[in-house]
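Shown below: target-v2.pdb, with PDB, C-alpha atoms.
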```pdb
ATOM      1  CA  MET A  11       0.000   0.000   0.000
ATOM      2  CA  THR A  12       1.414   3.351  -1.053
ATOM      3  CA  THR A  13       1.743   6.472   1.056
ATOM      4  CA  ILE A  14       1.342   9.610  -1.034
ATOM      5  CA  CYS A  15       1.561  13.214   0.120
ATOM      6  CA  PHE A  16      -0.165  16.067  -1.705
ATOM      7  CA  GLU A  17       3.230  17.551  -2.631
ATOM      8  CA  ASP A  18       4.260  14.303  -4.382
ATOM      9  CA  VAL A  19       1.465  14.519  -6.946
ATOM     10  CA  GLU A  20       1.723  16.305 -10.272
ATOM     11  CA  VAL A  21      -1.053  17.299 -12.628
ATOM     12  CA  SER A  22      -1.171  15.058 -15.734
ATOM     13  CA  GLN A  23       0.582  12.150 -14.029
ATOM     14  CA  ASP A  24      -0.935   8.691 -14.495
ATOM     15  CA  ILE A  25      -1.780   6.503 -11.533
ATOM     16  CA  PRO A  26      -0.991   2.765 -11.722
ATOM     17  CA  SER A  27      -3.567   0.889 -13.819
ATOM     18  CA  LEU A  28      -5.487  -2.125 -12.585
ATOM     19  CA  PHE A  29      -6.137  -5.093 -14.896
ATOM     20  CA  LYS A  30      -9.007  -7.624 -14.729
ATOM     21  CA  GLY A  31      -9.837 -10.503 -16.996
ATOM     22  CA  PRO A  32     -10.196 -11.856 -19.561
ATOM     23  CA  MET A  33     -13.747 -11.848 -18.277
ATOM     24  CA  THR A  34     -15.806 -15.030 -18.497
ATOM     25  CA  THR A  35     -19.453 -15.856 -17.935
ATOM     26  CA  ALA A  36     -18.284 -17.421 -14.652
ATOM     27  CA  HIS A  37     -16.976 -14.058 -13.423
ATOM     28  CA  ILE A  38     -20.382 -12.576 -14.155
ATOM     29  CA  MET A  39     -22.193 -15.458 -12.477
ATOM     30  CA  ARG A  40     -19.950 -15.279  -9.393
ATOM     31  CA  TRP A  41     -20.755 -11.592  -8.927
ATOM     32  CA  SER A  42     -24.477 -11.987  -9.686
ATOM     33  CA  ALA A  43     -24.728 -14.827  -7.165
ATOM     34  CA  ALA A  44     -22.835 -12.879  -4.492
ATOM     35  CA  MET A  45     -25.178  -9.926  -5.095
ATOM     36  CA  GLU A  46     -28.352 -12.019  -5.542
ATOM     37  CA  ASN A  47     -28.925 -10.115  -8.777
ATOM     38  CA  TRP A  48     -31.159 -12.286 -10.959
ATOM     39  CA  HIS A  49     -31.445 -10.094 -14.013
ATOM     40  CA  PRO A  50     -31.325 -12.486 -16.999
ATOM     41  CA  ILE A  51     -29.180 -10.159 -19.137
ATOM     42  CA  HIS A  52     -26.271 -11.379 -16.973
ATOM     43  CA  PHE A  53     -26.764 -15.140 -17.379
ATOM     44  CA  ASP A  54     -29.379 -15.971 -20.034
ATOM     45  CA  TRP A  55     -27.749 -15.664 -23.463
ATOM     46  CA  ARG A  56     -31.016 -16.102 -25.364
ATOM     47  CA  PHE A  57     -32.803 -13.494 -23.247
ATOM     48  CA  ALA A  58     -29.888 -11.058 -23.547
ATOM     49  CA  THR A  59     -29.415 -11.396 -27.302
ATOM     50  CA  GLU A  60     -32.972 -11.970 -28.529
ATOM     51  CA  GLN A  61     -35.178 -10.036 -26.132
ATOM     52  CA  HIS A  62     -32.738  -7.258 -25.260
ATOM     53  CA  LYS A  63     -30.765  -7.266 -28.542
ATOM     54  CA  LEU A  64     -27.477  -7.261 -26.649
ATOM     55  CA  PRO A  65     -24.287  -8.656 -28.207
ATOM     56  CA  ASP A  66     -23.931 -11.253 -25.402
ATOM     57  CA  VAL A  67     -24.621 -11.557 -21.702
ATOM     58  CA  ILE A  68     -23.076  -8.439 -20.202
ATOM     59  CA  VAL A  69     -20.699  -7.706 -17.345
ATOM     60  CA  ASN A  70     -22.603  -6.055 -14.492
ATOM     61  CA  GLY A  71     -22.117  -2.314 -14.165
ATOM     62  CA  SER A  72     -22.386  -2.937 -10.433
ATOM     63  CA  TRP A  73     -19.232  -5.086 -10.697
ATOM     64  CA  LYS A  74     -17.314  -2.630 -12.861
ATOM     65  CA  GLN A  75     -17.845   0.152 -10.334
ATOM     66  CA  HIS A  76     -15.876  -1.789  -7.727
ATOM     67  CA  VAL A  77     -12.924  -2.034 -10.102
ATOM     68  CA  MET A  78     -12.986   1.772 -10.381
ATOM     69  CA  LEU A  79     -13.282   2.122  -6.608
ATOM     70  CA  GLN A  80     -10.387  -0.300  -6.097
ATOM     71  CA  LEU A  81      -8.243   1.624  -8.583
ATOM     72  CA  VAL A  82      -8.630   4.917  -6.747
ATOM     73  CA  ALA A  83      -8.805   3.595  -3.166
ATOM     74  CA  ASP A  84      -5.565   1.633  -3.694
ATOM     75  CA  TRP A  85      -3.845   4.740  -5.020
ATOM     76  CA  ALA A  86      -5.117   6.898  -2.123
ATOM     77  CA  GLY A  87      -3.672   4.254   0.203
ATOM     78  CA  GLU A  88      -4.039   4.033   3.960
ATOM     79  CA  THR A  89      -3.201   7.708   4.522
ATOM     80  CA  GLY A  90      -5.362   9.253   1.793
ATOM     81  CA  TRP A  91      -9.127   9.091   1.384
ATOM     82  CA  LEU A  92     -11.206   8.299  -1.687
ATOM     83  CA  TRP A  93     -13.745  11.068  -1.080
ATOM     84  CA  LYS A  94     -15.790  11.257  -4.269
ATOM     85  CA  ILE A  95     -16.145   9.110  -7.347
ATOM     86  CA  ARG A  96     -18.539   9.109 -10.272
ATOM     87  CA  PHE A  97     -18.845   7.030 -13.398
ATOM     88  CA  GLN A  98     -21.292   6.439 -16.226
ATOM     89  CA  PHE A  99     -22.076   3.020 -17.621
ATOM     90  CA  ARG A 100     -22.004   3.986 -21.309
ATOM     91  CA  GLY A 101     -20.359   1.042 -22.993
ATOM     92  CA  MET A 102     -21.069  -2.625 -22.413
ATOM     93  CA  ASN A 103     -18.475  -5.246 -21.602
ATOM     94  CA  VAL A 104     -18.908  -8.893 -22.523
ATOM     95  CA  PRO A 105     -17.157 -12.210 -21.845
ATOM     96  CA  GLY A 106     -13.733 -12.202 -23.499
ATOM     97  CA  ASP A 107     -13.025  -8.581 -22.573
ATOM     98  CA  THR A 108      -9.830  -7.756 -20.713
ATOM     99  CA  LEU A 109     -10.290  -4.598 -18.686
ATOM    100  CA  GLU A 110      -7.835  -1.894 -17.699
ATOM    101  CA  ALA A 111      -8.930   0.614 -15.079
ATOM    102  CA  TRP A 112      -6.823   3.743 -15.519
ATOM    103  CA  GLY A 113      -6.563   7.170 -13.938
ATOM    104  CA  ARG A 114      -4.845  10.488 -14.528
ATOM    105  CA  VAL A 115      -4.420  13.491 -12.245
ATOM    106  CA  VAL A 116      -6.227  16.485 -13.763
ATOM    107  CA  ALA A 117      -6.210  19.056 -10.924
ATOM    108  CA  LYS A 118      -4.844  19.793  -7.440
ATOM    109  CA  HIS A 119      -6.605  21.911  -4.824
ATOM    110  CA  ASP A 120      -4.966  23.217  -1.662
ATOM    111  CA  ARG A 121      -7.584  22.713   1.041
ATOM    112  CA  HIS A 122      -5.250  23.453   3.950
ATOM    113  CA  PRO A 123      -4.400  21.522   6.107
ATOM    114  CA  PHE A 124      -5.112  18.882   3.427
ATOM    115  CA  GLY A 125      -4.929  18.618  -0.330
ATOM    116  CA  VAL A 126      -7.522  17.378  -2.799
ATOM    117  CA  VAL A 127      -6.527  15.765  -6.081
ATOM    118  CA  ASP A 128      -8.986  15.341  -8.956
ATOM    119  CA  LEU A 129      -8.613  12.371 -11.276
ATOM    120  CA  GLN A 130     -10.058  11.405 -14.602
ATOM    121  CA  ILE A 131     -10.729   7.671 -14.597
ATOM    122  CA  GLY A 132     -11.893   5.065 -17.067
ATOM    123  CA  LEU A 133     -12.252   1.371 -17.813
ATOM    124  CA  LYS A 134     -10.875   0.302 -21.188
ATOM    125  CA  ASN A 135     -11.218  -3.050 -22.921
ATOM    126  CA  GLN A 136      -8.587  -4.676 -25.151
ATOM    127  CA  LYS A 137      -9.947  -2.782 -28.176
ATOM    128  CA  GLY A 138      -9.438   0.547 -26.417
ATOM    129  CA  ASP A 139     -13.180   1.161 -25.907
ATOM    130  CA  ASP A 140     -13.474   3.339 -22.810
ATOM    131  CA  GLY A 141     -16.977   2.440 -21.727
ATOM    132  CA  THR A 142     -17.080   3.695 -18.154
ATOM    133  CA  PRO A 143     -15.897   7.318 -18.092
ATOM    134  CA  GLY A 144     -15.628   8.927 -14.701
ATOM    135  CA  SER A 145     -13.848  11.163 -12.259
ATOM    136  CA  ALA A 146     -12.735  11.029  -8.640
ATOM    137  CA  SER A 147     -11.491  13.291  -5.857
ATOM    138  CA  VAL A 148      -8.932  12.054  -3.331
ATOM    139  CA  VAL A 149      -7.986  13.786  -0.067
ATOM    140  CA  LEU A 150      -4.275  13.547   0.704
ATOM    141  CA  PRO A 151      -2.226  14.616   3.714
ATOM    142  CA  LYS A 152       0.449  17.272   3.276
ATOM    143  CA  ARG A 153       4.048  16.519   4.163
ATOM    144  CA  ASN A 154       4.415  17.077   7.925
ATOM    145  CA  GLY A 155       0.693  17.904   8.038
ATOM    146  CA  PRO A 156      -2.031  16.200  10.087
ATOM    147  CA  ALA A 157      -3.372  12.764   9.173
ATOM    148  CA  VAL A 158      -6.599  12.670   7.180
ATOM    149  CA  PRO A 159      -9.188  11.770   9.829
ATOM    150  CA  TYR A 160     -11.160   8.539   9.692
ATOM    151  CA  PRO A 161     -14.139   8.401   9.497
ATOM    152  CA  PHE A 162     -13.800  11.183   6.941
ATOM    153  CA  ASP A 163     -15.778  14.391   7.417
ATOM    154  CA  PRO A 164     -15.527  16.898   4.532
ATOM    155  CA  ARG A 165     -15.774  19.765   7.041
ATOM    156  CA  VAL A 166     -12.074  19.177   7.882
ATOM    157  CA  LEU A 167     -11.166  20.592   4.450
ATOM    158  CA  GLY A 168     -10.096  24.228   4.356
ATOM    159  CA  PRO A 169     -11.634  26.684   1.887
ATOM    160  CA  GLN A 170     -10.735  26.144  -1.752
ATOM    161  CA  LYS A 171      -8.275  28.717  -3.040
ATOM    162  CA  GLY A 172      -8.376  30.074  -6.553
TER     163      GLY A 172
ATOM    164  CA  MET B 748     -42.206  11.815 -29.053
ATOM    165  CA  LYS B 749     -44.503  10.617 -26.308
ATOM    166  CA  ASN B 750     -44.023  12.329 -22.972
ATOM    167  CA  HIS B 751     -43.526   9.636 -20.328
ATOM    168  CA  VAL B 752     -42.999  12.040 -17.444
ATOM    169  CA  THR B 753     -46.686  12.490 -16.740
ATOM    170  CA  ASP B 754     -48.194  14.207 -13.710
ATOM    171  CA  ASP B 755     -48.333  10.795 -12.014
ATOM    172  CA  VAL B 756     -44.607  10.407 -12.537
ATOM    173  CA  ARG B 757     -43.812  13.980 -11.489
ATOM    174  CA  ALA B 758     -45.807  13.418  -8.304
ATOM    175  CA  ILE B 759     -43.207  10.940  -6.989
ATOM    176  CA  ILE B 760     -40.226  13.317  -7.386
ATOM    177  CA  GLY B 761     -39.113  14.139  -3.856
ATOM    178  CA  ALA B 762     -40.629  10.987  -2.375
ATOM    179  CA  GLN B 763     -38.414   9.755   0.447
ATOM    180  CA  SER B 764     -38.370   6.359   2.118
ATOM    181  CA  SER B 765     -37.938   5.878   5.825
ATOM    182  CA  TRP B 766     -34.631   4.423   7.027
ATOM    183  CA  ASN B 767     -34.575   0.737   6.092
ATOM    184  CA  GLU B 768     -32.195  -1.667   7.758
ATOM    185  CA  ALA B 769     -30.446  -4.406   5.770
ATOM    186  CA  THR B 770     -31.758  -7.946   6.219
ATOM    187  CA  ASN B 771     -28.625  -9.096   8.055
ATOM    188  CA  ALA B 772     -25.674  -7.495   9.789
ATOM    189  CA  VAL B 773     -22.443  -7.501   7.746
ATOM    190  CA  GLU B 774     -21.062 -11.050   7.772
ATOM    191  CA  ALA B 775     -17.456 -12.155   7.263
ATOM    192  CA  SER B 776     -18.404 -14.745   4.642
ATOM    193  CA  GLU B 777     -20.479 -12.202   2.725
ATOM    194  CA  VAL B 778     -17.467  -9.853   2.683
ATOM    195  CA  ARG B 779     -15.264 -12.738   1.515
ATOM    196  CA  ARG B 780     -17.558 -13.630  -1.376
ATOM    197  CA  PHE B 781     -17.731  -9.951  -2.274
ATOM    198  CA  PHE B 782     -13.972  -9.295  -2.425
ATOM    199  CA  GLN B 783     -13.387 -12.606  -4.197
ATOM    200  CA  ALA B 784     -16.000 -11.690  -6.819
ATOM    201  CA  ILE B 785     -14.424  -8.266  -7.418
ATOM    202  CA  ILE B 786     -10.954  -9.892  -7.359
ATOM    203  CA  ASP B 787      -9.581  -7.626  -4.626
ATOM    204  CA  PRO B 788      -8.250  -9.878  -1.841
ATOM    205  CA  LYS B 789      -6.524  -7.220   0.305
ATOM    206  CA  PRO B 790      -5.648  -8.390   3.850
ATOM    207  CA  VAL B 791      -7.637  -5.476   5.309
ATOM    208  CA  TYR B 792     -10.755  -7.353   4.178
ATOM    209  CA  TRP B 793      -9.870 -10.616   5.950
ATOM    210  CA  ASP B 794      -6.746 -10.506   8.180
ATOM    211  CA  GLU B 795      -7.891  -9.236  11.576
ATOM    212  CA  ASP B 796      -4.340  -9.045  13.022
ATOM    213  CA  GLN B 797      -3.083  -6.893  10.168
ATOM    214  CA  ALA B 798      -6.279  -4.827   9.965
ATOM    215  CA  LYS B 799      -6.126  -4.006  13.689
ATOM    216  CA  GLU B 800      -3.031  -1.898  12.978
ATOM    217  CA  THR B 801      -4.856   0.249  10.392
ATOM    218  CA  ARG B 802      -6.996   3.352  10.938
ATOM    219  CA  TYR B 803     -10.080   1.129  10.697
ATOM    220  CA  GLY B 804      -9.196  -0.829  13.845
ATOM    221  CA  GLY B 805     -10.175  -4.143  12.231
ATOM    222  CA  THR B 806     -11.247  -5.776   8.995
ATOM    223  CA  ILE B 807     -13.534  -3.785   6.735
ATOM    224  CA  ALA B 808     -15.754  -4.422   3.720
ATOM    225  CA  PRO B 809     -14.901  -2.877   0.320
ATOM    226  CA  PRO B 810     -15.777   0.828  -0.108
ATOM    227  CA  ALA B 811     -19.227   0.638  -1.718
ATOM    228  CA  PHE B 812     -20.275  -2.633  -0.070
ATOM    229  CA  ALA B 813     -23.288  -0.931   1.517
ATOM    230  CA  VAL B 814     -24.842  -0.332  -1.890
ATOM    231  CA  HIS B 815     -25.447  -4.083  -2.210
ATOM    232  CA  ALA B 816     -26.254  -4.877   1.420
ATOM    233  CA  PHE B 817     -30.022  -4.832   0.942
ATOM    234  CA  ARG B 818     -31.248  -8.334   0.181
ATOM    235  CA  ARG B 819     -34.558 -10.123   0.074
ATOM    236  CA  GLY B 820     -36.076 -10.066   3.540
ATOM    237  CA  THR B 821     -36.658 -13.273   5.465
ATOM    238  CA  ASP B 822     -40.346 -12.360   5.727
ATOM    239  CA  GLU B 823     -40.785 -11.642   1.992
ATOM    240  CA  THR B 824     -42.954 -14.552   0.934
ATOM    241  CA  ILE B 825     -43.141 -13.500  -2.727
ATOM    242  CA  ASP B 826     -40.293 -15.145  -4.606
ATOM    243  CA  PRO B 827     -38.988 -12.636  -7.151
ATOM    244  CA  LEU B 828     -38.120 -15.504  -9.492
ATOM    245  CA  ASP B 829     -41.770 -16.538  -9.686
ATOM    246  CA  ALA B 830     -42.200 -13.554 -11.981
ATOM    247  CA  GLY B 831     -40.041 -15.442 -14.469
ATOM    248  CA  LEU B 832     -42.936 -17.835 -15.033
ATOM    249  CA  ASP B 833     -45.041 -14.974 -16.350
ATOM    250  CA  PRO B 834     -44.505 -14.770 -20.132
ATOM    251  CA  GLU B 835     -45.216 -11.026 -19.967
ATOM    252  CA  PHE B 836     -42.480 -10.406 -17.383
ATOM    253  CA  ASP B 837     -39.699  -8.465 -19.044
ATOM    254  CA  GLY B 838     -37.080  -9.146 -16.368
ATOM    255  CA  VAL B 839     -37.357  -5.609 -15.098
ATOM    256  CA  SER B 840     -38.638  -4.375 -11.777
ATOM    257  CA  ARG B 841     -39.809  -0.774 -11.669
ATOM    258  CA  ALA B 842     -39.801  -0.756  -7.883
ATOM    259  CA  LEU B 843     -36.341   0.772  -7.824
ATOM    260  CA  ARG B 844     -35.930   1.049  -4.044
ATOM    261  CA  PRO B 845     -37.645  -0.429  -0.999
ATOM    262  CA  GLY B 846     -39.989   2.102   0.516
ATOM    263  CA  LEU B 847     -40.287   4.182  -2.655
ATOM    264  CA  PRO B 848     -43.220   3.995  -5.080
ATOM    265  CA  SER B 849     -42.720   2.195  -8.406
ATOM    266  CA  VAL B 850     -42.052   4.460 -11.366
ATOM    267  CA  PRO B 851     -45.244   4.281 -13.481
ATOM    268  CA  ILE B 852     -43.522   4.232 -16.873
ATOM    269  CA  ALA B 853     -44.100   1.408 -19.342
ATOM    270  CA  LEU B 854     -40.792   1.645 -21.238
ATOM    271  CA  PRO B 855     -39.430  -1.897 -21.621
ATOM    272  CA  ARG B 856     -35.799  -1.514 -20.552
ATOM    273  CA  VAL B 857     -34.225  -0.319 -17.337
ATOM    274  CA  LEU B 858     -30.480   0.341 -17.368
ATOM    275  CA  ASN B 859     -28.096   1.521 -14.698
ATOM    276  CA  GLY B 860     -26.678   4.812 -15.998
ATOM    277  CA  GLY B 861     -24.068   5.249 -13.330
ATOM    278  CA  TYR B 862     -23.259   6.345  -9.819
ATOM    279  CA  GLU B 863     -21.811   9.279  -7.977
ATOM    280  CA  TYR B 864     -20.566   8.504  -4.472
ATOM    281  CA  GLU B 865     -19.330  10.525  -1.551
ATOM    282  CA  LEU B 866     -17.602   8.270   0.966
ATOM    283  CA  PHE B 867     -17.241   8.764   4.719
ATOM    284  CA  SER B 868     -16.329   5.383   6.228
ATOM    285  CA  TYR B 869     -16.302   1.653   5.478
ATOM    286  CA  PRO B 870     -18.543  -1.058   6.946
ATOM    287  CA  ARG B 871     -17.177  -3.487   9.536
ATOM    288  CA  VAL B 872     -18.273  -7.059  10.122
ATOM    289  CA  GLY B 873     -21.190  -6.900  12.558
ATOM    290  CA  ASP B 874     -22.356  -3.457  11.433
ATOM    291  CA  ARG B 875     -26.031  -3.128  10.711
ATOM    292  CA  ILE B 876     -26.398  -0.982   7.604
ATOM    293  CA  LYS B 877     -29.365   1.313   7.094
ATOM    294  CA  CYS B 878     -30.400   3.302   4.052
ATOM    295  CA  ARG B 879     -32.799   6.081   3.164
ATOM    296  CA  SER B 880     -33.711   6.759  -0.486
ATOM    297  CA  THR B 881     -35.148   9.776  -2.271
ATOM    298  CA  TYR B 882     -36.279  10.340  -5.865
ATOM    299  CA  ARG B 883     -34.285  13.491  -6.620
ATOM    300  CA  ASP B 884     -35.317  13.959 -10.234
ATOM    301  CA  ILE B 885     -37.079  12.269 -13.141
ATOM    302  CA  TYR B 886     -36.729  13.725 -16.628
ATOM    303  CA  GLN B 887     -36.934  12.675 -20.263
ATOM    304  CA  ARG B 888     -34.499  13.136 -23.132
ATOM    305  CA  ASP B 889     -35.382  12.108 -26.659
ATOM    306  CA  GLY B 890     -32.523  10.402 -28.449
ATOM    307  CA  LYS B 891     -32.049   8.822 -31.849
ATOM    308  CA  THR B 892     -33.219   5.460 -30.527
ATOM    309  CA  GLY B 893     -36.319   6.910 -28.867
ATOM    310  CA  PRO B 894     -37.236   8.431 -25.531
ATOM    311  CA  MET B 895     -35.036   7.882 -22.481
ATOM    312  CA  VAL B 896     -36.244   8.657 -18.969
ATOM    313  CA  PHE B 897     -33.586   9.393 -16.344
ATOM    314  CA  ILE B 898     -34.415   8.645 -12.722
ATOM    315  CA  VAL B 899     -32.003  10.147 -10.193
ATOM    316  CA  ILE B 900     -32.084   8.401  -6.819
ATOM    317  CA  GLU B 901     -30.208   9.584  -3.745
ATOM    318  CA  ASP B 902     -29.322   6.899  -1.206
ATOM    319  CA  GLU B 903     -27.841   7.734   2.168
ATOM    320  CA  TYR B 904     -26.094   4.821   3.871
ATOM    321  CA  ALA B 905     -25.095   4.735   7.528
ATOM    322  CA  THR B 906     -24.605   2.208  10.281
ATOM    323  CA  ALA B 907     -27.560   1.615  12.592
ATOM    324  CA  ASP B 908     -25.676   3.520  15.321
ATOM    325  CA  GLY B 909     -25.370   6.537  13.032
ATOM    326  CA  ARG B 910     -21.883   6.409  11.467
ATOM    327  CA  PRO B 911     -22.186   7.797   7.924
ATOM    328  CA  LEU B 912     -20.922   5.343   5.276
ATOM    329  CA  LEU B 913     -21.636   6.950   1.926
ATOM    330  CA  LYS B 914     -24.044   9.032  -0.059
ATOM    331  CA  SER B 915     -24.959   7.882  -3.540
ATOM    332  CA  LEU B 916     -26.622   9.466  -6.542
ATOM    333  CA  ASN B 917     -27.691   6.706  -8.923
ATOM    334  CA  THR B 918     -29.076   7.453 -12.379
ATOM    335  CA  MET B 919     -31.364   4.744 -13.725
ATOM    336  CA  ILE B 920     -32.400   4.968 -17.372
ATOM    337  CA  MET B 921     -35.689   3.666 -18.765
ATOM    338  CA  ARG B 922     -35.920   3.359 -22.511
TER     339      ARG B 922
END
```

Would you mind writing the file out in structure tokens?
Amino acid sequence: MTTICFEDVEVSQDIPSLFKGPMTTAHIMRWSAAMENWHPIHFDWRFATEQHKLPDVIVNGSWKQHVMLQLVADWAGETGWLWKIRFQFRGMNVPGDTLEAWGRVVAKHDRHPFGVVDLQIGLKNQKGDDGTPGSASVVLPKRNGPAVPYPFDPRVLGPQKG
Amino acid sequence: MKNHVTDDVRAIIGAQSSWNEATNAVEASEVRRFFQAIIDPKPVYWDEDQAKETRYGGTIAPPAFAVHAFRRGTDETIDPLDAGLDPEFDGVSRALRPGLPSVPIALPRVLNGGYEYELFSYPRVGDRIKCRSTYRDIYQRDGKTGPMVFIVIEDEYATADGRPLLKSLNTMIMR
């Protein structure tokens, strides 16, 4: 687990990607069973392709979100805090896809005594289709500054400058 | 294009559920199946000795675990899979949250458009998770493939003893 200070981060830097897959119908079934999600588009090929006109059974958006959360939470580490994250399920993923969750720093905000870093994030398949565009904000400690409190309360953030 | 956001639909914007508690407290085996399914086997999810040394004070569940903590109740006698025997059933429930009215729109498909989360803390094994849901907005956009209705649902998750977990804005799309 990494320990990152606000000062260590530069705008336009990439964060380490996370890879999953190749995805199989069993991955989808394992998640659906754990979640008790019985929607047939995730396990019934005929229902998915004939009734819903989908290319195949599809990987749950609910599963993909946890890959995005893992990407950013792992980067924030045990001293930072994944404060906000958003993503849209625009593109579908199907069995056979290999997925890369990626992130790039797009902005830094001094919220003394802490820092907030904004990221652009996405989930790309092996063809380069980026079907889950999103963004995230991570709270980081400053060097020699106080630890980010847990549980996190956004009221600890100082006013945004600029 | 037909307007699906009728007065009946508009009337449920702002509807808020009461706080509902998850069927069961967070269980270690449920957390295990969860992190194995998302392929994220970090020790903080299962190794109590190691997790004790972290800011969490013990093992935790993955960040947005609470979003999936609400399962079929033990006293719910209607089996949701019975609907599968109905040839008219399209595999879609329009009752989007417990304690909120169904969305009276007859469009055949319901898709999950995405989430926006604000996180405050992570669940621990033994926590009882509660949730309160609100229809924040319902609006229609007409696209090339026909009308799409966006339903924005806010969910506030906390532990039963009042520790905030996360706030979610979920956009469901009917089309």

Using only C-alpha atoms, determine which residues lie at most 9 Å from Val116 in chain A, disregarding the query and same-chain residues fewer than 4 positions distant; provide the list as a PDB file with C-alpha atoms, in the coordinates of the input.
```pdb
ATOM      1  CA  GLU A  20       1.723  16.305 -10.272  1.00  0.00           C
ATOM      2  CA  VAL A  21      -1.053  17.299 -12.628  1.00  0.00           C
ATOM      3  CA  SER A  22      -1.171  15.058 -15.734  1.00  0.00           C
ATOM      4  CA  GLN A  23       0.582  12.150 -14.029  1.00  0.00           C
ATOM      5  CA  VAL A 127      -6.527  15.765  -6.081  1.00  0.00           C
ATOM      6  CA  ASP A 128      -8.986  15.341  -8.956  1.00  0.00           C
ATOM      7  CA  LEU A 129      -8.613  12.371 -11.276  1.00  0.00           C
ATOM      8  CA  GLN A 130     -10.058  11.405 -14.602  1.00  0.00           C
TER       9      GLN A 130
END
```

Considering all atoms listed in the file, can you say which of B:Ile760, B:Phe812, B:Val778, B:Gly804 comes closest to Val899 in chain B? B:Ile760

Can you check which residues of chain B have any atom within 8 Å of chain A? Use all atoms listed in the file and format it as a ChimeraX atom specification. /B:777,780-781,784-787,801-803,810-811,815,818,828,838-839,859-868

What's the 8 Å shell around Thr906 in chain B, counting all atoms listed in the file, without same-chain residues fewer than 3 positions away, as a PyMOL selection string? chain B and resi 870+874-877+909-912

Expected axis-aligned box over every listed atom of range 844-861 of chain B, 4 Å added per side, centre plus edges in Å to one decimal, as lines of an AutoDock Vina configuration file:
```
center_x = -34.7
center_y = 1.7
center_z = -10.6
size_x = 29.2
size_y = 15.1
size_z = 30.1
```

Can you spell out as a CSV table (one decimal) with C-alpha atoms, in the frame of the given file the set of residues that the PyMOL selection byres ((chain A and resi 122) around 10) selects in the structure I just provided?
```
chain,number,residue,atom,x,y,z
A,119,HIS,CA,-6.6,21.9,-4.8
A,120,ASP,CA,-5.0,23.2,-1.7
A,121,ARG,CA,-7.6,22.7,1.0
A,123,PRO,CA,-4.4,21.5,6.1
A,124,PHE,CA,-5.1,18.9,3.4
A,125,GLY,CA,-4.9,18.6,-0.3
A,126,VAL,CA,-7.5,17.4,-2.8
A,151,PRO,CA,-2.2,14.6,3.7
A,152,LYS,CA,0.4,17.3,3.3
A,155,GLY,CA,0.7,17.9,8.0
A,166,VAL,CA,-12.1,19.2,7.9
A,167,LEU,CA,-11.2,20.6,4.4
A,168,GLY,CA,-10.1,24.2,4.4
A,169,PRO,CA,-11.6,26.7,1.9
A,170,GLN,CA,-10.7,26.1,-1.8
A,171,LYS,CA,-8.3,28.7,-3.0
```

Separation of CA of Ala775 in chain B from CA of Gly873 in chain B, in Å and rounded to one decimal: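 A separation of 8.3 Å between them.
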
Reconstructed range 754-762 of chain B, atom set N, CA, C and O atoms, as a CSV table (one decimal), in the frame of the given file:
```
chain,number,residue,atom,x,y,z
B,754,ASP,N,-48.0,13.7,-15.1
B,754,ASP,CA,-48.2,14.2,-13.7
B,754,ASP,C,-48.0,13.1,-12.6
B,754,ASP,O,-47.5,13.4,-11.6
B,755,ASP,N,-48.5,11.9,-13.0
B,755,ASP,CA,-48.3,10.8,-12.0
B,755,ASP,C,-46.9,10.5,-11.7
B,755,ASP,O,-46.5,10.1,-10.6
B,756,VAL,N,-46.0,10.6,-12.7
B,756,VAL,CA,-44.6,10.4,-12.5
B,756,VAL,C,-44.0,11.6,-11.8
B,756,VAL,O,-43.3,11.4,-10.8
B,757,ARG,N,-44.4,12.8,-12.2
B,757,ARG,CA,-43.8,14.0,-11.5
B,757,ARG,C,-44.2,14.0,-10.0
B,757,ARG,O,-43.4,14.5,-9.2
B,758,ALA,N,-45.3,13.4,-9.7
B,758,ALA,CA,-45.8,13.4,-8.3
B,758,ALA,C,-44.9,12.6,-7.4
B,758,ALA,O,-44.9,12.9,-6.2
B,759,ILE,N,-44.1,11.7,-7.9
B,759,ILE,CA,-43.2,10.9,-7.0
B,759,ILE,C,-41.8,11.6,-6.8
B,759,ILE,O,-41.0,11.1,-6.0
B,760,ILE,N,-41.5,12.6,-7.6
B,760,ILE,CA,-40.2,13.3,-7.4
B,760,ILE,C,-40.2,13.9,-6.0
B,760,ILE,O,-41.2,14.6,-5.6
B,761,GLY,N,-39.2,13.7,-5.2
B,761,GLY,CA,-39.1,14.1,-3.9
B,761,GLY,C,-39.6,13.1,-2.8
B,761,GLY,O,-39.3,13.3,-1.6
B,762,ALA,N,-40.2,12.0,-3.3
B,762,ALA,CA,-40.6,11.0,-2.4
B,762,ALA,C,-39.4,10.4,-1.7
B,762,ALA,O,-38.4,10.2,-2.3
```
